[in-house]
>>> print(open('start_37.pdb').read())   # PDB, C-alpha atoms
ATOM      1  CA  MET A  16      33.964 264.657 182.531
ATOM      2  CA  ASP A  17      36.839 266.870 183.581
ATOM      3  CA  ILE A  18      36.383 270.350 185.059
ATOM      4  CA  GLU A  19      37.849 272.170 182.039
ATOM      5  CA  LYS A  20      35.305 270.512 179.727
ATOM      6  CA  LYS A  21      32.494 271.383 182.137
ATOM      7  CA  LEU A  22      33.666 275.015 182.220
ATOM      8  CA  GLN A  23      33.806 275.140 178.396
ATOM      9  CA  ASP A  24      30.205 273.890 178.148
ATOM     10  CA  ILE A  25      28.723 276.655 180.328
ATOM     11  CA  GLN A  26      26.233 278.927 178.591
ATOM     12  CA  LEU A  27      24.365 280.132 181.679
ATOM     13  CA  LEU A  28      25.669 281.099 185.126
ATOM     14  CA  LEU A  29      23.108 281.012 187.931
ATOM     15  CA  LEU A  30      23.797 282.589 191.293
ATOM     16  CA  ASP A  31      22.421 282.458 194.777
ATOM     17  CA  VAL A  32      22.626 285.899 196.412
ATOM     18  CA  ASP A  33      23.111 285.955 200.193
ATOM     19  CA  GLY A  34      26.449 284.296 200.858
ATOM     20  CA  VAL A  35      27.436 284.237 197.161
ATOM     21  CA  LEU A  36      26.980 287.727 195.704
ATOM     22  CA  THR A  37      27.164 289.107 199.256
ATOM     23  CA  ASP A  38      29.083 287.973 202.318
ATOM     24  CA  GLY A  39      25.802 286.799 203.833
ATOM     25  CA  SER A  40      25.322 289.848 206.048
ATOM     26  CA  ILE A  41      21.972 291.595 206.073
ATOM     27  CA  ASN A  42      21.932 295.137 207.390
ATOM     28  CA  TYR A  43      18.956 297.396 207.993
ATOM     29  CA  ASP A  44      18.838 301.164 208.180
ATOM     30  CA  ASN A  45      16.748 303.013 210.788
ATOM     31  CA  ASN A  46      13.704 302.780 208.524
ATOM     32  CA  GLY A  47      13.966 299.008 208.160
ATOM     33  CA  ASN A  48      15.324 299.160 204.606
ATOM     34  CA  GLU A  49      17.613 296.285 203.772
ATOM     35  CA  ILE A  50      21.180 297.132 202.805
ATOM     36  CA  LYS A  51      23.392 294.665 200.958
ATOM     37  CA  THR A  52      27.027 295.019 199.977
ATOM     38  CA  PHE A  53      28.107 293.683 196.593
ATOM     39  CA  SER A  54      31.623 293.307 195.189
ATOM     40  CA  VAL A  55      32.489 295.437 192.157
ATOM     41  CA  LYS A  56      34.938 292.674 191.182
ATOM     42  CA  ASP A  57      32.080 290.189 190.966
ATOM     43  CA  GLY A  58      30.145 292.778 188.975
ATOM     44  CA  LEU A  59      32.898 293.134 186.395
ATOM     45  CA  GLY A  60      33.119 289.352 186.099
ATOM     46  CA  ILE A  61      29.380 289.196 185.406
ATOM     47  CA  ARG A  62      29.656 291.961 182.786
ATOM     48  CA  MET A  63      32.576 290.185 181.087
ATOM     49  CA  LEU A  64      30.511 286.981 180.885
ATOM     50  CA  LYS A  65      27.476 288.767 179.518
ATOM     51  CA  ASP A  66      29.587 290.664 176.973
ATOM     52  CA  SER A  67      30.976 287.292 175.861
ATOM     53  CA  GLY A  68      27.497 285.851 175.235
ATOM     54  CA  ILE A  69      27.165 283.858 178.453
ATOM     55  CA  ASP A  70      23.975 284.743 180.269
ATOM     56  CA  VAL A  71      23.630 285.228 184.018
ATOM     57  CA  GLY A  72      20.619 284.717 186.255
ATOM     58  CA  ILE A  73      19.682 284.781 189.919
ATOM     59  CA  ILE A  74      17.887 282.113 191.958
ATOM     60  CA  THR A  75      17.447 283.210 195.563
ATOM     61  CA  GLY A  76      15.177 282.458 198.461
ATOM     62  CA  ARG A  77      14.879 286.086 199.532
ATOM     63  CA  SER A  78      13.529 289.167 197.803
ATOM     64  CA  SER A  79      15.047 292.595 198.239
ATOM     65  CA  GLU A  80      15.053 295.970 196.539
ATOM     66  CA  ALA A  81      18.830 296.127 196.962
ATOM     67  CA  LEU A  82      19.184 293.006 194.807
ATOM     68  CA  LEU A  83      16.866 294.399 192.146
ATOM     69  CA  HIS A  84      18.933 297.598 191.986
ATOM     70  CA  ARG A  85      22.134 295.589 191.601
ATOM     71  CA  CYS A  86      20.613 293.413 188.879
ATOM     72  CA  ARG A  87      19.436 296.479 186.942
ATOM     73  CA  ASN A  88      22.939 297.927 187.206
ATOM     74  CA  LEU A  89      24.477 294.722 185.845
ATOM     75  CA  LYS A  90      21.669 294.193 183.303
ATOM     76  CA  ILE A  91      20.769 290.824 184.824
ATOM     77  CA  GLU A  92      17.273 290.211 183.502
ATOM     78  CA  HIS A  93      16.612 286.716 184.816
ATOM     79  CA  ILE A  94      15.784 287.148 188.489
ATOM     80  CA  PHE A  95      14.002 284.420 190.379
ATOM     81  CA  ASP A  96      13.654 285.740 193.922
ATOM     82  CA  GLY A  97      11.523 284.545 196.812
ATOM     83  CA  ILE A  98      12.101 280.984 195.557
ATOM     84  CA  SER A  99      11.633 278.157 198.049
ATOM     85  CA  ASP A 100      12.351 275.349 195.564
ATOM     86  CA  LYS A 101      15.507 276.231 193.632
ATOM     87  CA  GLU A 102      15.538 272.929 191.738
ATOM     88  CA  GLU A 103      12.062 273.603 190.343
ATOM     89  CA  ALA A 104      13.106 277.139 189.383
ATOM     90  CA  LEU A 105      16.181 275.699 187.674
ATOM     91  CA  LYS A 106      14.021 273.295 185.648
ATOM     92  CA  ASP A 107      11.857 276.221 184.487
ATOM     93  CA  ILE A 108      14.931 278.282 183.573
ATOM     94  CA  LEU A 109      16.442 275.456 181.531
ATOM     95  CA  VAL A 110      13.197 275.096 179.584
ATOM     96  CA  LYS A 111      12.976 278.868 179.083
ATOM     97  CA  PHE A 112      16.547 279.018 177.755
ATOM     98  CA  ASP A 113      16.218 275.723 175.850
ATOM     99  CA  LEU A 114      19.373 274.473 177.594
ATOM    100  CA  ASN A 115      20.505 271.165 178.945
ATOM    101  CA  ALA A 116      21.517 271.085 182.601
ATOM    102  CA  GLU A 117      25.106 270.392 181.476
ATOM    103  CA  ASN A 118      25.250 273.916 180.046
ATOM    104  CA  ALA A 119      24.386 275.596 183.352
ATOM    105  CA  CYS A 120      26.547 276.452 186.354
ATOM    106  CA  PHE A 121      25.148 277.215 189.796
ATOM    107  CA  ILE A 122      27.086 278.887 192.609
ATOM    108  CA  GLY A 123      25.777 278.318 196.121
ATOM    109  CA  ASP A 124      26.729 278.479 199.779
ATOM    110  CA  ASP A 125      24.120 276.720 201.939
ATOM    111  CA  PHE A 126      21.558 273.924 202.187
ATOM    112  CA  PRO A 127      18.790 275.447 199.994
ATOM    113  CA  ASP A 128      21.279 275.430 197.086
ATOM    114  CA  ILE A 129      21.984 271.688 197.182
ATOM    115  CA  PRO A 130      19.154 270.539 194.857
ATOM    116  CA  ALA A 131      20.128 273.034 192.130
ATOM    117  CA  MET A 132      23.820 272.226 192.524
ATOM    118  CA  LYS A 133      23.132 268.518 192.060
ATOM    119  CA  ARG A 134      21.222 269.146 188.828
ATOM    120  CA  VAL A 135      23.546 271.475 186.869
ATOM    121  CA  GLY A 136      26.549 270.562 184.740
ATOM    122  CA  LEU A 137      28.951 272.552 186.924
ATOM    123  CA  SER A 138      28.329 273.127 190.616
ATOM    124  CA  VAL A 139      30.356 275.637 192.602
ATOM    125  CA  ALA A 140      30.587 276.274 196.329
ATOM    126  CA  VAL A 141      32.109 279.500 197.621
ATOM    127  CA  ALA A 142      35.082 279.132 199.988
ATOM    128  CA  ASP A 143      33.000 279.839 203.086
ATOM    129  CA  ALA A 144      30.088 277.608 202.036
ATOM    130  CA  HIS A 145      28.807 274.918 204.369
ATOM    131  CA  ASN A 146      30.981 271.799 204.191
ATOM    132  CA  GLU A 147      28.083 269.721 202.810
ATOM    133  CA  LEU A 148      28.076 271.918 199.700
ATOM    134  CA  LYS A 149      31.820 271.644 199.300
ATOM    135  CA  LYS A 150      31.438 267.847 199.299
ATOM    136  CA  ILE A 151      29.130 267.906 196.253
ATOM    137  CA  ALA A 152      30.662 270.857 194.392
ATOM    138  CA  ASP A 153      32.761 270.386 191.272
ATOM    139  CA  ILE A 154      34.710 273.496 192.286
ATOM    140  CA  THR A 155      35.186 275.300 195.577
ATOM    141  CA  THR A 156      36.374 278.864 195.111
ATOM    142  CA  LYS A 157      39.377 280.322 196.880
ATOM    143  CA  ALA A 158      37.417 283.517 197.595
ATOM    144  CA  ASN A 159      34.541 283.810 200.045
ATOM    145  CA  GLY A 160      31.038 284.794 199.019
ATOM    146  CA  GLY A 161      30.754 288.536 198.340
ATOM    147  CA  LYS A 162      34.538 288.776 198.193
ATOM    148  CA  GLY A 163      35.322 287.820 194.581
ATOM    149  CA  ALA A 164      34.086 284.216 194.401
ATOM    150  CA  VAL A 165      31.783 284.980 191.477
ATOM    151  CA  ARG A 166      34.564 286.816 189.633
ATOM    152  CA  GLU A 167      36.832 283.809 190.146
ATOM    153  CA  ILE A 168      34.356 281.507 188.405
ATOM    154  CA  CYS A 169      33.586 284.036 185.658
ATOM    155  CA  GLU A 170      37.286 284.198 184.823
ATOM    156  CA  ARG A 171      37.608 280.401 184.863
ATOM    157  CA  ILE A 172      34.679 280.066 182.454
ATOM    158  CA  LEU A 173      36.106 282.746 180.152
ATOM    159  CA  SER A 174      39.593 281.248 180.324
ATOM    160  CA  SER A 175      38.291 277.768 179.452
ATOM    161  CA  LYS A 176      36.698 279.265 176.320
ATOM    162  CA  ASN A 177      39.923 281.130 175.444
ATOM    163  CA  LEU A 178      38.157 284.487 175.871
ATOM    164  CA  LEU A 179      39.850 285.922 178.969
ATOM    165  CA  ASN A 180      43.111 287.008 177.325
ATOM    166  CA  GLY A 181      41.197 288.970 174.677
ATOM    167  CA  ILE A 182      39.244 290.765 177.384
ATOM    168  CA  ILE A 183      42.431 291.606 179.271
ATOM    169  CA  GLU A 184      43.989 292.904 176.031
ATOM    170  CA  ARG A 185      40.984 295.196 175.417
ATOM    171  CA  TYR A 186      41.424 296.719 178.874
ATOM    172  CA  SER A 187      45.173 297.036 178.361
ATOM    173  CA  LYS A 188      44.891 299.348 175.353
TER     174      LYS A 188
END
>>> encode(input="start_37.pdb", output="structure tokens")
Amino acid sequence: MDIEKKLQDIQLLLLDVDGVLTDGSINYDNNGNEIKTFSVKDGLGIRMLKDSGIDVGIITGRSSEALLHRCRNLKIEHIFDGISDKEEALKDILVKFDLNAENACFIGDDFPDIPAMKRVGLSVAVADAHNELKKIADITTKANGGKGAVREICERILSSKNLLNGIIERYSK
């Protein structure tokens, strides 16, 4: 199946966090609170997908309050954090959404993402992902994690469904 067809079939975008929604850095303040930096460009891409009826969820190995704040801001309701087995979480999500794996896309950057990437219809590695992920990915982004990689894929999904130009037109008015 070609990439355009895979993009058209996507109904659910699933994201790793550290290294995908962020650049992989973890900072702590003097009180030990974790600080993460997220791209507003990625955020707009996620909102455009959600507004177009394509749902977005998170599958990540770590838990953090910073992530929960970001998800609330973007109205991402499907958050699976502290997950050691991302493939098992993916199976549960597909059942919950009554979706086939072909209708899901997963964006990852490192070894724990491999099982989920192998199971979905469209697997994506960010530009600075480990080379092993790039070998199995359907798409490798031009942008690094936390630097617009998610936005890049959101726009490709929307474009494949002929929705992106309408969104651009709405912003151009």
>>> resolve_selection(input="start_37.pdb", expression="the PyMOL selection byres ((chain A and resi 152-164) around 8)", output="NGL selection string")
:A and (18 or 34-39 or 52-54 or 56-57 or 124 or 132 or 137-144 or 148-151 or 165-168)
>>> atom_distance(input="start_37.pdb", atom1="atom CA of A:His145", atom2="atom CA of A:Leu82")
22.6 Å
>>> atom_distance(input="start_37.pdb", atom1="atom CA of A:Leu173", atom2="atom CA of A:His93")
20.4 Å
>>> closest_residue(input="start_37.pdb", among="A:Ser79, A:Gln26, A:Asn118, A:Asn48", to="A:Lys65", atoms="only C-alpha atoms")
A:Gln26
>>> resolve_selection(input="start_37.pdb", expression="the PyMOL selection byres ((chain A and resi 62) around 12)", output="list in words")
Leu28, Val55, Lys56, Asp57, Gly58, Leu59, Gly60, Ile61, Met63, Leu64, Lys65, Asp66, Ser67, Gly68, Ile69, Asp70, Val71, Cys86, Arg87, Asn88, Leu89, Lys90, Ile91, Val165, Arg166, Cys169, Glu170, Leu173 and Ile182 of chain A
>>> write_last_selection(input="start_37.pdb", atoms="C-alpha atoms", output="compact mmCIF listing (two decimals), in the frame of the given file")
# COMPACT_ATOMS: atom_id res chain seq x y z
CA LEU A 28 25.67 281.10 185.13
CA VAL A 55 32.49 295.44 192.16
CA LYS A 56 34.94 292.67 191.18
CA ASP A 57 32.08 290.19 190.97
CA GLY A 58 30.14 292.78 188.98
CA LEU A 59 32.90 293.13 186.40
CA GLY A 60 33.12 289.35 186.10
CA ILE A 61 29.38 289.20 185.41
CA MET A 63 32.58 290.18 181.09
CA LEU A 64 30.51 286.98 180.88
CA LYS A 65 27.48 288.77 179.52
CA ASP A 66 29.59 290.66 176.97
CA SER A 67 30.98 287.29 175.86
CA GLY A 68 27.50 285.85 175.24
CA ILE A 69 27.16 283.86 178.45
CA ASP A 70 23.98 284.74 180.27
CA VAL A 71 23.63 285.23 184.02
CA CYS A 86 20.61 293.41 188.88
CA ARG A 87 19.44 296.48 186.94
CA ASN A 88 22.94 297.93 187.21
CA LEU A 89 24.48 294.72 185.84
CA LYS A 90 21.67 294.19 183.30
CA ILE A 91 20.77 290.82 184.82
CA VAL A 165 31.78 284.98 191.48
CA ARG A 166 34.56 286.82 189.63
CA CYS A 169 33.59 284.04 185.66
CA GLU A 170 37.29 284.20 184.82
CA LEU A 173 36.11 282.75 180.15
CA ILE A 182 39.24 290.76 177.38
>>> residues_around(input="start_37.pdb", residues="stretch 99-111 of chain A", least_positions_apart="2", cutoff="8 Å", atoms="all atoms listed in the file", output="ChimeraX atom specification")
/A:74-76,95,97,113-116,127-128,130-131,134
>>> atom_distance(input="start_37.pdb", atom1="atom CA of A:Glu80", atom2="atom CA of A:Phe126")
23.7 Å
>>> axis_aligned_box(input="start_37.pdb", around="stretch 154-172 of chain A", padding_each_side="8 Å", output="AutoDock Vina command-line options")
--center_x 35.1 --center_y 281.1 --center_z 191.2 --size_x 24.6 --size_y 31.3 --size_z 33.6
>>> resolve_selection(input="start_37.pdb", expression="the PyMOL selection byres ((chain A and resi 29) around 8)", output="PyMOL selection string")
chain A and resi 27-28+30-31+71-74+119-122
>>> closest_residue(input="start_37.pdb", among="A:Glu117, A:Asp33, A:Asp24, A:Glu19", to="A:Ala81", atoms="all atoms listed in the file")
A:Asp33
